[in-house]
Structure formats: structure tokens, C-alpha cells
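Data block for query-v5.cif (mmCIF, C-alpha atoms):
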```cif
data_work
loop_
_atom_site.label_atom_id
_atom_site.label_comp_id
_atom_site.auth_asym_id
_atom_site.auth_seq_id
_atom_site.Cartn_x
_atom_site.Cartn_y
_atom_site.Cartn_z
CA MET A 1 27.55 -21.74 -6.23
CA SER A 2 25.54 -18.60 -5.69
CA ALA A 3 27.15 -15.20 -5.91
CA SER A 4 28.37 -13.62 -2.70
CA PRO A 5 26.23 -10.98 -0.98
CA LEU A 6 28.85 -8.35 -1.85
CA SER A 7 28.74 -9.12 -5.57
CA ALA A 8 24.92 -9.24 -5.50
CA TRP A 9 24.89 -5.81 -3.82
CA ALA A 10 27.35 -4.50 -6.40
CA ARG A 11 25.15 -5.78 -9.24
CA LEU A 12 22.07 -4.31 -7.59
CA LYS A 13 23.76 -0.92 -7.29
CA ALA A 14 24.89 -1.12 -10.91
CA VAL A 15 21.36 -1.93 -12.11
CA PHE A 16 19.82 0.96 -10.21
CA ASP A 17 22.59 3.32 -11.32
CA ALA A 18 21.98 2.38 -14.96
CA SER A 19 18.17 2.59 -14.86
CA ARG A 20 16.45 5.89 -14.29
CA LEU A 21 13.10 4.12 -14.04
CA SER A 22 14.37 1.96 -11.17
CA ARG A 23 15.68 4.99 -9.30
CA ALA A 24 12.39 6.80 -9.86
CA ALA A 25 10.46 3.73 -8.62
CA ILE A 26 12.50 3.55 -5.41
CA LEU A 27 12.04 7.29 -4.89
CA VAL A 28 8.27 7.05 -5.36
CA LEU A 29 8.00 4.11 -2.96
CA GLY A 30 10.15 5.93 -0.42
CA ILE A 31 7.93 9.01 -0.59
CA LEU A 32 4.74 6.94 -0.28
CA TYR A 33 5.95 4.94 2.71
CA LEU A 34 7.42 7.94 4.52
CA SER A 35 4.18 9.85 3.94
CA ALA A 36 2.19 6.97 5.42
CA ILE A 37 4.52 6.60 8.41
CA PHE A 38 4.38 10.32 9.24
CA ALA A 39 0.72 10.76 8.28
CA MET A 40 -0.22 12.05 11.73
CA TRP A 41 2.28 14.88 11.30
CA LEU A 42 1.81 15.59 7.59
CA ALA A 43 -2.01 15.48 7.40
CA PRO A 44 -3.70 18.85 8.01
CA TYR A 45 -6.71 17.13 9.64
CA GLY A 46 -7.66 13.81 11.16
CA PRO A 47 -9.00 11.15 8.78
CA ASP A 48 -12.57 11.47 10.14
CA ASP A 49 -12.59 15.25 10.77
CA GLU A 50 -15.59 16.31 8.70
CA SER A 51 -17.51 19.46 7.86
CA ARG A 52 -20.80 18.73 6.10
CA THR A 53 -21.05 22.34 4.92
CA HIS A 54 -17.92 21.72 2.81
CA SER A 55 -19.15 18.59 1.01
CA TRP A 56 -17.15 18.10 -2.20
CA ALA A 57 -15.30 21.38 -1.67
CA PRO A 58 -12.74 21.81 -4.48
CA PRO A 59 -8.99 22.11 -3.82
CA SER A 60 -8.31 25.33 -1.96
CA ARG A 61 -6.72 28.17 -3.85
CA ILE A 62 -3.56 29.37 -2.11
CA HIS A 63 -2.94 33.11 -2.34
CA TRP A 64 0.48 34.65 -1.78
CA VAL A 65 0.18 38.45 -2.07
CA LEU A 66 -1.68 40.19 0.77
CA PRO A 67 -4.00 43.14 0.07
CA ASP A 68 -1.49 45.48 1.74
CA GLY A 69 1.29 44.27 -0.55
CA GLY A 70 2.83 41.82 1.90
CA PHE A 71 3.86 38.31 0.92
CA ARG A 72 2.72 35.19 2.75
CA PRO A 73 0.52 32.17 1.94
CA TYR A 74 -3.13 32.39 2.89
CA VAL A 75 -6.55 31.11 1.85
CA ARG A 76 -9.99 32.65 1.79
CA PRO A 77 -12.93 30.79 3.34
CA VAL A 78 -15.42 29.33 0.86
CA SER A 79 -19.18 28.94 0.96
CA PHE A 80 -21.51 27.40 -1.57
CA THR A 81 -24.48 28.41 -3.65
CA PHE A 82 -26.51 26.37 -6.12
CA ASP A 83 -26.47 26.79 -9.88
CA GLU A 84 -29.39 26.24 -12.26
CA ASP A 85 -28.79 22.47 -12.15
CA ALA A 86 -28.94 22.40 -8.33
CA ARG A 87 -25.22 21.67 -8.08
CA ARG A 88 -23.05 23.19 -5.38
CA VAL A 89 -20.81 26.01 -6.54
CA TYR A 90 -18.19 27.19 -4.06
CA VAL A 91 -17.17 30.84 -3.97
CA GLU A 92 -14.48 32.54 -1.92
CA ASP A 93 -15.24 35.13 0.76
CA SER A 94 -13.22 38.11 -0.48
CA THR A 95 -13.59 39.90 2.86
CA ARG A 96 -11.64 37.36 4.95
CA ILE A 97 -8.03 36.21 4.99
CA VAL A 98 -6.90 33.11 6.88
CA PRO A 99 -3.08 32.82 6.99
CA MET A 100 -1.34 29.48 6.60
CA ARG A 101 1.31 28.52 9.14
CA LEU A 102 3.88 25.81 9.70
CA PHE A 103 3.76 23.57 12.79
CA VAL A 104 0.15 24.16 13.79
CA ASN A 105 -1.36 21.93 16.51
CA GLY A 106 1.38 19.33 16.14
CA ARG A 107 1.04 19.15 12.36
CA LEU A 108 3.42 20.26 9.64
CA PHE A 109 1.14 22.93 8.22
CA GLY A 110 -2.37 24.28 8.53
CA LEU A 111 -4.42 27.39 9.01
CA ASP A 112 -3.94 29.97 11.73
CA SER A 113 -6.03 28.47 14.53
CA LEU A 114 -7.67 31.70 15.75
CA GLU A 115 -8.47 33.02 12.29
CA ALA A 116 -9.80 29.67 11.07
CA ALA A 117 -11.99 29.16 14.16
CA SER A 118 -13.85 32.46 13.82
CA PRO A 119 -17.08 31.81 11.85
CA GLY A 120 -17.56 33.54 8.56
CA ALA A 121 -20.68 34.93 6.87
CA ASP A 122 -22.18 31.44 6.59
CA GLY A 123 -21.50 30.72 10.27
CA THR A 124 -18.88 27.99 9.68
CA PRO A 125 -15.14 28.02 10.47
CA ALA A 126 -12.65 28.17 7.61
CA ARG A 127 -11.28 24.93 6.17
CA PHE A 128 -8.29 24.22 3.96
CA TYR A 129 -8.37 21.45 1.34
CA LEU A 130 -5.13 21.06 -0.60
CA LEU A 131 -6.58 18.19 -2.71
CA GLY A 132 -10.28 18.85 -2.21
CA ALA A 133 -12.85 17.28 0.09
CA ASP A 134 -15.02 14.18 -0.08
CA ALA A 135 -18.80 13.89 0.16
CA ARG A 136 -18.74 14.48 3.92
CA GLY A 137 -16.36 17.42 3.84
CA ARG A 138 -13.32 15.45 4.99
CA ASP A 139 -9.88 16.49 3.75
CA LEU A 140 -8.86 14.12 0.94
CA LEU A 141 -5.12 14.67 1.48
CA SER A 142 -5.42 13.60 5.12
CA ARG A 143 -7.45 10.52 4.22
CA LEU A 144 -4.98 9.56 1.49
CA LEU A 145 -2.08 9.79 3.92
CA TYR A 146 -3.83 7.71 6.59
CA GLY A 147 -5.21 5.31 3.98
CA GLY A 148 -1.68 4.65 2.74
CA ARG A 149 -0.89 3.06 6.09
CA VAL A 150 -3.38 0.26 5.34
CA SER A 151 -2.89 -0.11 1.60
CA LEU A 152 0.91 -0.09 1.69
CA SER A 153 1.46 -2.12 4.84
CA ILE A 154 -1.00 -4.89 4.01
CA GLY A 155 1.14 -5.99 1.08
CA ILE A 156 4.31 -6.26 3.15
CA VAL A 157 2.65 -8.06 6.07
CA GLY A 158 0.67 -10.39 3.81
CA VAL A 159 3.67 -11.32 1.67
CA ALA A 160 5.79 -11.91 4.79
CA ILE A 161 3.24 -14.37 6.19
CA SER A 162 2.61 -16.19 2.90
CA THR A 163 6.35 -16.39 2.16
CA PHE A 164 6.99 -17.89 5.59
CA ILE A 165 4.27 -20.52 5.05
CA ALA A 166 5.55 -21.31 1.55
CA LEU A 167 9.13 -21.55 2.81
CA ILE A 168 8.22 -24.08 5.51
CA ILE A 169 5.88 -26.25 3.41
CA GLY A 170 7.91 -26.09 0.20
CA GLY A 171 11.19 -26.68 2.03
CA ILE A 172 9.93 -29.72 3.92
CA ALA A 173 8.30 -31.19 0.81
CA GLY A 174 11.38 -30.74 -1.35
CA PHE A 175 13.92 -31.91 1.22
CA PHE A 176 12.21 -35.01 2.59
CA GLY A 177 10.30 -36.16 -0.52
CA GLY A 178 8.21 -39.35 -0.45
CA TRP A 179 4.74 -39.33 1.03
CA ILE A 180 5.40 -36.02 2.78
CA ASP A 181 6.12 -34.38 -0.55
CA ARG A 182 3.07 -35.92 -2.20
CA SER A 183 0.71 -34.94 0.62
CA LEU A 184 1.90 -31.34 0.81
CA MET A 185 1.83 -30.87 -2.96
CA ARG A 186 -1.74 -32.17 -3.16
CA LEU A 187 -2.66 -29.60 -0.51
CA CYS A 188 -1.03 -26.88 -2.63
CA GLU A 189 -2.93 -28.01 -5.70
CA ILE A 190 -6.25 -27.90 -3.85
CA VAL A 191 -5.61 -24.31 -2.79
CA MET A 192 -4.46 -23.33 -6.30
CA LEU A 193 -7.53 -24.90 -7.96
CA VAL A 194 -9.91 -22.35 -6.44
CA PRO A 195 -10.00 -18.95 -8.24
CA SER A 196 -8.18 -16.70 -5.82
CA PHE A 197 -10.31 -13.55 -5.98
CA TYR A 198 -13.58 -15.46 -5.63
CA LEU A 199 -12.14 -17.39 -2.70
CA LEU A 200 -11.01 -14.09 -1.23
CA MET A 201 -14.52 -12.64 -1.53
CA LEU A 202 -16.12 -15.79 -0.12
CA LEU A 203 -13.86 -15.90 2.93
CA ARG A 204 -14.27 -12.20 3.66
CA ALA A 205 -18.03 -12.26 3.12
CA SER A 206 -18.32 -15.10 5.63
CA LEU A 207 -16.91 -12.85 8.37
CA PRO A 208 -18.97 -10.21 10.23
CA LEU A 209 -18.95 -6.81 8.52
CA ASP A 210 -19.24 -4.89 11.79
CA TRP A 211 -15.87 -5.96 13.19
CA ASP A 212 -13.40 -3.43 14.54
CA SER A 213 -11.11 -2.06 11.83
CA ARG A 214 -8.03 -3.67 13.39
CA ILE A 215 -9.68 -7.10 13.30
CA VAL A 216 -10.80 -6.49 9.71
CA TYR A 217 -7.22 -5.53 8.79
CA LEU A 218 -5.85 -8.68 10.42
CA SER A 219 -8.50 -10.89 8.78
CA ILE A 220 -7.72 -9.48 5.31
CA VAL A 221 -4.00 -10.08 5.85
CA LEU A 222 -4.61 -13.68 6.91
CA ILE A 223 -7.00 -14.33 4.02
CA LEU A 224 -4.57 -12.90 1.47
CA SER A 225 -1.76 -14.97 2.97
CA PHE A 226 -3.89 -18.13 2.93
CA ILE A 227 -4.54 -17.91 -0.81
CA GLY A 228 -1.07 -16.68 -1.78
CA TRP A 229 1.36 -19.28 -0.48
CA ALA A 230 0.59 -22.38 -2.56
CA GLY A 231 2.22 -21.44 -5.88
CA LEU A 232 5.33 -20.14 -4.17
CA ALA A 233 5.60 -23.31 -2.06
CA ARG A 234 5.75 -25.43 -5.22
CA VAL A 235 8.59 -23.34 -6.62
CA ILE A 236 10.55 -23.53 -3.35
CA ARG A 237 9.99 -27.28 -3.29
CA GLY A 238 11.63 -27.55 -6.71
CA LEU A 239 14.58 -25.38 -5.65
CA VAL A 240 15.18 -27.43 -2.51
CA GLN A 241 14.88 -30.69 -4.46
CA SER A 242 17.66 -29.53 -6.78
CA LEU A 243 19.87 -28.82 -3.75
CA ARG A 244 19.37 -32.19 -2.02
CA THR A 245 22.22 -33.81 -3.92
CA ALA A 246 24.64 -30.89 -3.58
CA ASP A 247 28.07 -31.77 -2.14
CA TYR A 248 27.73 -29.63 0.98
CA ILE A 249 24.33 -31.20 1.76
CA THR A 250 25.76 -34.71 1.31
CA ALA A 251 28.75 -33.80 3.49
CA SER A 252 26.48 -32.48 6.24
CA ARG A 253 24.51 -35.71 6.23
CA ALA A 254 27.70 -37.75 6.43
CA LEU A 255 28.75 -35.75 9.47
CA GLY A 256 25.51 -36.66 11.21
CA VAL A 257 23.87 -33.23 11.11
CA ARG A 258 20.14 -33.46 11.74
CA PRO A 259 17.98 -33.14 8.58
CA LEU A 260 15.99 -30.17 9.89
CA THR A 261 19.24 -28.39 10.74
CA ILE A 262 20.56 -29.00 7.22
CA LEU A 263 17.31 -27.70 5.79
CA ARG A 264 17.34 -24.58 7.98
CA ARG A 265 21.02 -23.70 7.72
CA HIS A 266 22.05 -24.84 4.26
CA ALA A 267 19.10 -25.50 1.93
CA LEU A 268 16.56 -22.78 2.66
CA PRO A 269 19.06 -19.87 2.71
CA GLN A 270 19.88 -20.68 -0.94
CA THR A 271 16.31 -19.67 -1.87
CA PHE A 272 16.40 -16.23 -0.23
CA GLY A 273 17.48 -14.41 -3.39
CA PHE A 274 14.55 -15.87 -5.30
CA LEU A 275 12.20 -15.07 -2.40
CA ALA A 276 13.31 -11.43 -2.38
CA ILE A 277 12.44 -11.12 -6.06
CA GLN A 278 9.10 -12.89 -5.65
CA ALA A 279 8.16 -10.74 -2.64
CA SER A 280 8.81 -7.49 -4.49
CA LEU A 281 6.66 -8.70 -7.40
CA ALA A 282 3.89 -10.15 -5.18
CA ILE A 283 3.30 -7.11 -2.96
CA PRO A 284 1.40 -5.21 -5.70
CA GLY A 285 -1.04 -8.11 -5.99
CA TYR A 286 -1.82 -7.88 -2.27
CA ILE A 287 -2.30 -4.12 -2.50
CA VAL A 288 -4.70 -4.49 -5.43
CA ALA A 289 -6.58 -7.34 -3.71
CA GLU A 290 -7.16 -5.28 -0.55
CA SER A 291 -8.24 -2.31 -2.65
CA GLY A 292 -10.67 -4.50 -4.59
CA LEU A 293 -12.22 -5.83 -1.38
CA SER A 294 -12.53 -2.35 0.12
CA LEU A 295 -13.95 -0.98 -3.13
CA LEU A 296 -16.66 -3.66 -3.02
CA GLY A 297 -17.43 -2.90 0.64
CA LEU A 298 -15.88 -6.13 1.99
CA GLY A 299 -12.65 -4.64 3.28
CA ILE A 300 -11.82 -1.61 5.39
CA GLN A 301 -15.04 0.19 6.28
CA ASP A 302 -15.73 3.91 6.57
CA PRO A 303 -14.81 5.96 8.64
CA GLN A 304 -11.53 4.02 8.60
CA THR A 305 -9.74 4.66 5.39
CA SER A 306 -7.73 2.87 2.74
CA TRP A 307 -7.09 3.75 -0.88
CA GLY A 308 -9.60 1.10 -1.91
CA ASN A 309 -12.60 2.42 0.01
CA LEU A 310 -11.71 5.99 -0.99
CA LEU A 311 -12.30 4.90 -4.60
CA GLN A 312 -15.92 4.06 -3.78
CA GLU A 313 -16.77 7.71 -4.38
CA ALA A 314 -15.33 7.52 -7.92
CA MET A 315 -17.52 4.68 -9.16
CA SER A 316 -19.79 6.82 -11.33
CA ILE A 317 -18.96 8.94 -14.35
CA ALA A 318 -21.03 11.81 -12.95
CA GLU A 319 -18.98 11.97 -9.74
CA ILE A 320 -15.71 11.82 -11.66
CA ARG A 321 -16.83 14.58 -14.01
CA LEU A 322 -18.02 16.84 -11.19
CA HIS A 323 -15.27 15.97 -8.69
CA PRO A 324 -12.19 14.74 -10.61
CA TRP A 325 -10.05 14.78 -7.45
CA SER A 326 -11.96 11.67 -6.30
CA LEU A 327 -9.71 9.68 -8.68
CA LEU A 328 -6.54 10.53 -6.73
CA PRO A 329 -6.60 7.26 -4.69
CA GLY A 330 -6.52 5.34 -7.98
CA LEU A 331 -3.51 7.33 -9.15
CA LEU A 332 -1.66 6.50 -5.92
CA LEU A 333 -2.50 2.81 -6.34
CA PHE A 334 -1.22 2.92 -9.91
CA ALA A 335 2.00 4.65 -8.83
CA ALA A 336 2.65 2.16 -6.01
CA VAL A 337 1.96 -0.94 -8.14
CA LEU A 338 4.02 0.32 -11.08
CA SER A 339 6.93 1.30 -8.81
CA TYR A 340 6.97 -2.11 -7.14
CA ASN A 341 7.02 -3.85 -10.52
CA LEU A 342 9.89 -1.69 -11.79
CA ALA A 343 11.88 -2.19 -8.58
CA GLY A 344 11.18 -5.94 -8.69
CA ASP A 345 12.44 -6.19 -12.27
CA ALA A 346 15.66 -4.41 -11.27
CA LEU A 347 16.06 -6.72 -8.27
CA ARG A 348 15.57 -9.77 -10.48
CA ASP A 349 18.24 -8.54 -12.91
CA ALA A 350 20.65 -7.91 -10.05
CA LEU A 351 20.21 -11.24 -8.24
CA ASP A 352 20.06 -13.49 -11.31
CA PRO A 353 23.21 -15.63 -11.17
CA ARG A 354 23.40 -15.57 -14.98
CA ASN A 355 24.16 -11.85 -14.78
CA SER A 356 27.13 -12.27 -12.45
CA ALA A 357 30.57 -11.82 -13.86
#
```
Hey, can you dump this file as C-alpha cells for me?
Amino acid sequence: MSASPLSAWARLKAVFDASRLSRAAILVLGILYLSAIFAMWLAPYGPDDESRTHSWAPPSRIHWVLPDGGFRPYVRPVSFTFDEDARRVYVEDSTRIVPMRLFVNGRLFGLDSLEAASPGADGTPARFYLLGADARGRDLLSRLLYGGRVSLSIGIVGVAISTFIALIIGGIAGFFGGWIDRSLMRLCEIVMLVPSFYLLMLLRASLPLDWDSRIVYLSIVLILSFIGWAGLARVIRGLVQSLRTADYITASRALGVRPLTILRRHALPQTFGFLAIQASLAIPGYIVAESGLSLLGLGIQDPQTSWGNLLQEAMSIAEIRLHPWSLLPGLLLFAAVLSYNLAGDALRDALDPRNSA
């Protein structure tokens, strides 16, 4: 018999209490998801709020001591000149001070609206870039926060759909057997024979590239789910097959309970622990797949943002050398994928019946 939910929760708590890496992974994922959920409040600007005169502006320098000796955070507006290699060099305007404030225009922080709106010597309003700007002068922090909504949610939604498909097909194949089992398993094998990433590119490339971003998001989720269910369905089929001869299944049949009811109430729930582990380990693959599509121009399109299409500006060594902050989307992807893998390993240790006392 499987361990009770209470004992599984106790083992899960013990694993996370014993592993600093697992606690750190959960903390990182919590911060990433909360940042994405509250992006509209945390981001200093909108994701497509651009200023071409601040193209590739470096991270803003925050000053704390006022010229009169006071103490408060502020920035100085920047303007650019060109060096001998015709590269932009940003310099601060030492004659202007733009204070930073909390709760500005419905956002957590930003610049004083009146001071920032007044044009400086170059005729442009002041801007604040905590993590630098992109090629069109858009705030990278804001685009990272909004992009996290796509990159982080697409894994959860995609895994939920593919897990549901795998649960239905694998459960029916394993429980009923015979020609139903053979037919469904051949279907799984056909899907698994095709290299997944090439199939992903083929399916996405066959769709119009000028679709609305919401339709593109939905199409990517459906494509990822379509290519991700087959392997999991085969594993679920094996688990359900091993449960067909269990005493409680045999007793339910003897009592005249309908087969689909037995499958839904007694067989499939026994696979939920395994599915939880698989989901936590599969989500990173969906995140990376979406990022790969967007990086190649087949996923989320500009001006909509995801971590994948933000990495398009870091595809040359020259850009990385001149603007190293363009690599920040890749660091967030690395942190999210690594955290999911660490949390999934801890979940597997906790729910493995061999670890129960």
C-alpha cells in the first residue's frame, strides 16, 4: 500500500528541512513567480515603454547623499556621446537631480514624476534603468518581470495539459488491455519516434507568424503538450497494469462497480505521487522549449516579451561584451530550471515509498 498523505507530507518536510539546496530552490521559485504575478506593480515601466535616445543605456547609478548634505535616493539623467570607435558612451548630467520615490503612478517605485518629465539639456525626460536598457531604450527589469509571466506559466500550463492527456490514455490502455492497449501504445510510439524539438519547430513554423500574442501563447502550449504526453502515458500504463490485479480492484469488480469508475476512483489516484514528481521535473523542459522557440523567432514576438526572445539581443559576442546586462534573461532561465530540478529531486525523495518508515 502507498504511504498516507500525512506521512508523505512529513517526509517532504523532513527532506526540505535537511537540504539547504531544496529550501533555496523553493525560495528562488517563490520569488520568481511572485515577481511575475505582481509585475504590473513591481516594474518601473511598461514592457513596451521605450526611449530611443536611451538605447543600450547602462544600469542607472543610484546616489544617496544630496549636494546639501541630505540623504535620499536619487539619480542623475544621462545623455550619450560617441567615442573614437563610434560607440555610445553615456554620461550623467551633474546639474540635475531626479529623486526616487515609492508608490509612483501605481507602481512600487520610480522617479519623481514632475522632475523626470522636465526635459534636460538633450531635450529628453529622465529615465531610470535599474538593470540597464535594451536596444530600443526599454527598461530591462520591466521586460524581465513581464516576460516571466510567459516563461514561467507556459511550463505549468503545458505540463498540466500533457499530464491530463497521458493520464487518460495511459490509464485506459493499462486498465483495459487487449486491442485498446495495443492501439494506444502504437500511437504513443509514433509520437515518440519523431525528434521532439524538430517536430516542435515544424508545427510552430506551419502556423502564421503574425498571430496575436495570446494565440501564439496558446499554440505553443498546445504544441508542447502534444509532443510531451506520449512517454508519460507509457509509464502510467505500466503503473495501472500492475494495479489491475490488486485486491481492492478485484473486490470492486466483484461488487459490480463500473470499470471506468474503478479506473477513476481507485487506479488512477495511485499514480498521483509519481505524476507530481514527473511534473516538477518536466516543467523545466517546457520552459527551455518555449525559450528556444522564442530565441529562434518562432515563439513570442516583440514587442511582447518572454525570457527567450529577450535573449535574441545576446546572440553575438560583441553585444555581450558591450552590454553584458543582455545576458540577464539567460541567468533567470538557468535559475528557474536549476531550482525546479532541485525541488523535483527533493519531491522524489519524499514521495518514494522505499523511503517511508
Carefully work through the PyMOL selection byres ((chain A and resi 108) around 6) for this structure and note down the residues it includes, as a CSV table (one decimal) with C-alpha atoms, in the frame of the given file.
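Generated output (out-v2.csv):
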```csv
chain,number,residue,atom,x,y,z
A,41,TRP,CA,2.3,14.9,11.3
A,42,LEU,CA,1.8,15.6,7.6
A,102,LEU,CA,3.9,25.8,9.7
A,103,PHE,CA,3.8,23.6,12.8
A,107,ARG,CA,1.0,19.2,12.4
A,109,PHE,CA,1.1,22.9,8.2
```
Handout entry: d(atom CA of Ala24 of chain A, atom CA of Ser339 of chain A) in Å
Key = 7.8 Å
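With distances restricted to all atoms listed in the file, A:Pro99 is the closest residue to Val65 of chain A from A:Pro44, A:Pro99, A:Pro77, A:Pro269.
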Handout entry: Atom-to-atom span, atom CA of Gly147 of chain A and atom CA of Pro47 of chain A, Å
Key =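 Going from atom CA of Gly147 of chain A over to atom CA of Pro47 of chain A, I get 8.5 Å.
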For segment 143-229 of chain A against segment 295-317 of chain A, with a cut-off of 8 Å and counting all atoms listed in the file, what is the closest atom pair and its distance in Å to one decimal for every residue that makes the cut, ordered by chain and number, as a Markdown table?
```
| residue | atom | partner | partner_atom | distance |
| --- | --- | --- | --- | --- |
| A:Arg143 | CA | A:Thr305 | CA | 6.4 |
| A:Leu144 | CA | A:Trp307 | CA | 6.6 |
| A:Tyr146 | CA | A:Thr305 | CA | 6.8 |
| A:Gly147 | CA | A:Ser306 | CA | 3.7 |
| A:Gly148 | CA | A:Ser306 | CA | 6.3 |
| A:Arg149 | CA | A:Ser306 | CA | 7.6 |
| A:Val150 | CA | A:Ser306 | CA | 5.7 |
| A:Ser151 | CA | A:Ser306 | CA | 5.8 |
| A:Met201 | CA | A:Leu298 | CA | 7.5 |
| A:Arg204 | CA | A:Leu298 | CA | 6.5 |
| A:Ala205 | CA | A:Leu298 | CA | 6.6 |
| A:Leu209 | CA | A:Leu298 | CA | 7.2 |
| A:Ser213 | CA | A:Ile300 | CA | 6.5 |
| A:Val216 | CA | A:Ile300 | CA | 6.6 |
| A:Tyr217 | CA | A:Ile300 | CA | 6.9 |
| A:Ile220 | CA | A:Gly299 | CA | 7.2 |
```
Exercise for the section: Choose the residue, out of A:Leu21, A:Ile31, A:Ala133, A:Ile262, that has the smallest atom-to-atom separation from Trp325 of chain A; count all atoms listed in the file. Expected result: A:Ala133
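In terms of minimum interatomic distance to Val91 of chain A, A:Pro58 ranks closest within A:Gly174, A:Pro208, A:Gly106, A:Pro58, counting only C-alpha atoms.
For segment 281-291 of chain A, the set of protein, DNA and RNA residues having any atom at most 8 Å away, when counting only C-alpha atoms and skipping those fewer than 2 positions along the same chain, is Ser151, Leu152, Ile154, Gly155, Ile156, Gly158, Val159, Phe197, Ile220, Leu224, Ile277, Gln278, Ala279, Leu293, Ser294, Leu295, Gly299, Ser306, Trp307, Gly308, Asn309, Leu333, Ala336, Val337, Tyr340, Asn341, Gly344 and Asp345 of chain A.
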Complete segment 160-186 of chain A with N, CA and C atoms (output as an mmCIF file, keeping the file's coordinate frame).
```cif
data_model
loop_
_atom_site.group_PDB
_atom_site.id
_atom_site.type_symbol
_atom_site.label_atom_id
_atom_site.label_comp_id
_atom_site.auth_asym_id
_atom_site.auth_seq_id
_atom_site.Cartn_x
_atom_site.Cartn_y
_atom_site.Cartn_z
ATOM 1 N N ALA A 160 4.904 -11.312 3.778
ATOM 2 C CA ALA A 160 5.790 -11.910 4.790
ATOM 3 C C ALA A 160 5.188 -13.199 5.346
ATOM 4 N N ILE A 161 3.883 -13.170 5.629
ATOM 5 C CA ILE A 161 3.240 -14.370 6.190
ATOM 6 C C ILE A 161 3.176 -15.482 5.143
ATOM 7 N N SER A 162 2.738 -15.155 3.926
ATOM 8 C CA SER A 162 2.610 -16.190 2.900
ATOM 9 C C SER A 162 3.973 -16.754 2.508
ATOM 10 N N THR A 163 5.007 -15.908 2.488
ATOM 11 C CA THR A 163 6.350 -16.390 2.160
ATOM 12 C C THR A 163 6.859 -17.340 3.242
ATOM 13 N N PHE A 164 6.576 -17.012 4.493
ATOM 14 C CA PHE A 164 6.990 -17.890 5.590
ATOM 15 C C PHE A 164 6.307 -19.252 5.482
ATOM 16 N N ILE A 165 4.992 -19.254 5.206
ATOM 17 C CA ILE A 165 4.270 -20.520 5.050
ATOM 18 C C ILE A 165 4.830 -21.318 3.874
ATOM 19 N N ALA A 166 5.035 -20.623 2.744
ATOM 20 C CA ALA A 166 5.550 -21.310 1.550
ATOM 21 C C ALA A 166 6.956 -21.849 1.798
ATOM 22 N N LEU A 167 7.768 -21.115 2.536
ATOM 23 C CA LEU A 167 9.130 -21.550 2.810
ATOM 24 C C LEU A 167 9.136 -22.834 3.642
ATOM 25 N N ILE A 168 8.280 -22.893 4.647
ATOM 26 C CA ILE A 168 8.220 -24.080 5.510
ATOM 27 C C ILE A 168 7.676 -25.282 4.734
ATOM 28 N N ILE A 169 6.521 -25.111 4.092
ATOM 29 C CA ILE A 169 5.880 -26.250 3.410
ATOM 30 C C ILE A 169 6.701 -26.681 2.199
ATOM 31 N N GLY A 170 7.125 -25.733 1.372
ATOM 32 C CA GLY A 170 7.910 -26.090 0.200
ATOM 33 C C GLY A 170 9.260 -26.683 0.558
ATOM 34 N N GLY A 171 9.894 -26.146 1.606
ATOM 35 C CA GLY A 171 11.190 -26.680 2.030
ATOM 36 C C GLY A 171 11.097 -28.096 2.535
ATOM 37 N N ILE A 172 10.101 -28.372 3.378
ATOM 38 C CA ILE A 172 9.930 -29.720 3.920
ATOM 39 C C ILE A 172 9.597 -30.707 2.803
ATOM 40 N N ALA A 173 8.688 -30.287 1.892
ATOM 41 C CA ALA A 173 8.300 -31.190 0.810
ATOM 42 C C ALA A 173 9.481 -31.514 -0.098
ATOM 43 N N GLY A 174 10.262 -30.514 -0.445
ATOM 44 C CA GLY A 174 11.380 -30.740 -1.350
ATOM 45 C C GLY A 174 12.532 -31.493 -0.719
ATOM 46 N N PHE A 175 12.756 -31.301 0.564
ATOM 47 C CA PHE A 175 13.920 -31.910 1.220
ATOM 48 C C PHE A 175 13.671 -33.363 1.596
ATOM 49 N N PHE A 176 12.467 -33.657 2.101
ATOM 50 C CA PHE A 176 12.210 -35.010 2.590
ATOM 51 C C PHE A 176 11.615 -35.920 1.515
ATOM 52 N N GLY A 177 10.850 -35.337 0.557
ATOM 53 C CA GLY A 177 10.300 -36.160 -0.520
ATOM 54 C C GLY A 177 9.310 -37.199 -0.022
ATOM 55 N N GLY A 178 9.076 -38.234 -0.840
ATOM 56 C CA GLY A 178 8.210 -39.350 -0.450
ATOM 57 C C GLY A 178 6.780 -38.927 -0.214
ATOM 58 N N TRP A 179 6.141 -39.588 0.759
ATOM 59 C CA TRP A 179 4.740 -39.330 1.030
ATOM 60 C C TRP A 179 4.524 -37.931 1.599
ATOM 61 N N ILE A 180 5.524 -37.387 2.279
ATOM 62 C CA ILE A 180 5.400 -36.020 2.780
ATOM 63 C C ILE A 180 5.283 -35.043 1.619
ATOM 64 N N ASP A 181 6.149 -35.227 0.632
ATOM 65 C CA ASP A 181 6.120 -34.380 -0.550
ATOM 66 C C ASP A 181 4.780 -34.499 -1.275
ATOM 67 N N ARG A 182 4.324 -35.718 -1.479
ATOM 68 C CA ARG A 182 3.070 -35.920 -2.200
ATOM 69 C C ARG A 182 1.888 -35.299 -1.465
ATOM 70 N N SER A 183 1.830 -35.476 -0.165
ATOM 71 C CA SER A 183 0.710 -34.940 0.620
ATOM 72 C C SER A 183 0.684 -33.418 0.583
ATOM 73 N N LEU A 184 1.848 -32.799 0.783
ATOM 74 C CA LEU A 184 1.900 -31.340 0.810
ATOM 75 C C LEU A 184 1.624 -30.735 -0.566
ATOM 76 N N MET A 185 2.086 -31.386 -1.617
ATOM 77 C CA MET A 185 1.830 -30.870 -2.960
ATOM 78 C C MET A 185 0.360 -31.004 -3.353
ATOM 79 N N ARG A 186 -0.308 -32.073 -2.880
ATOM 80 C CA ARG A 186 -1.740 -32.170 -3.160
ATOM 81 C C ARG A 186 -2.500 -31.048 -2.441
#
```
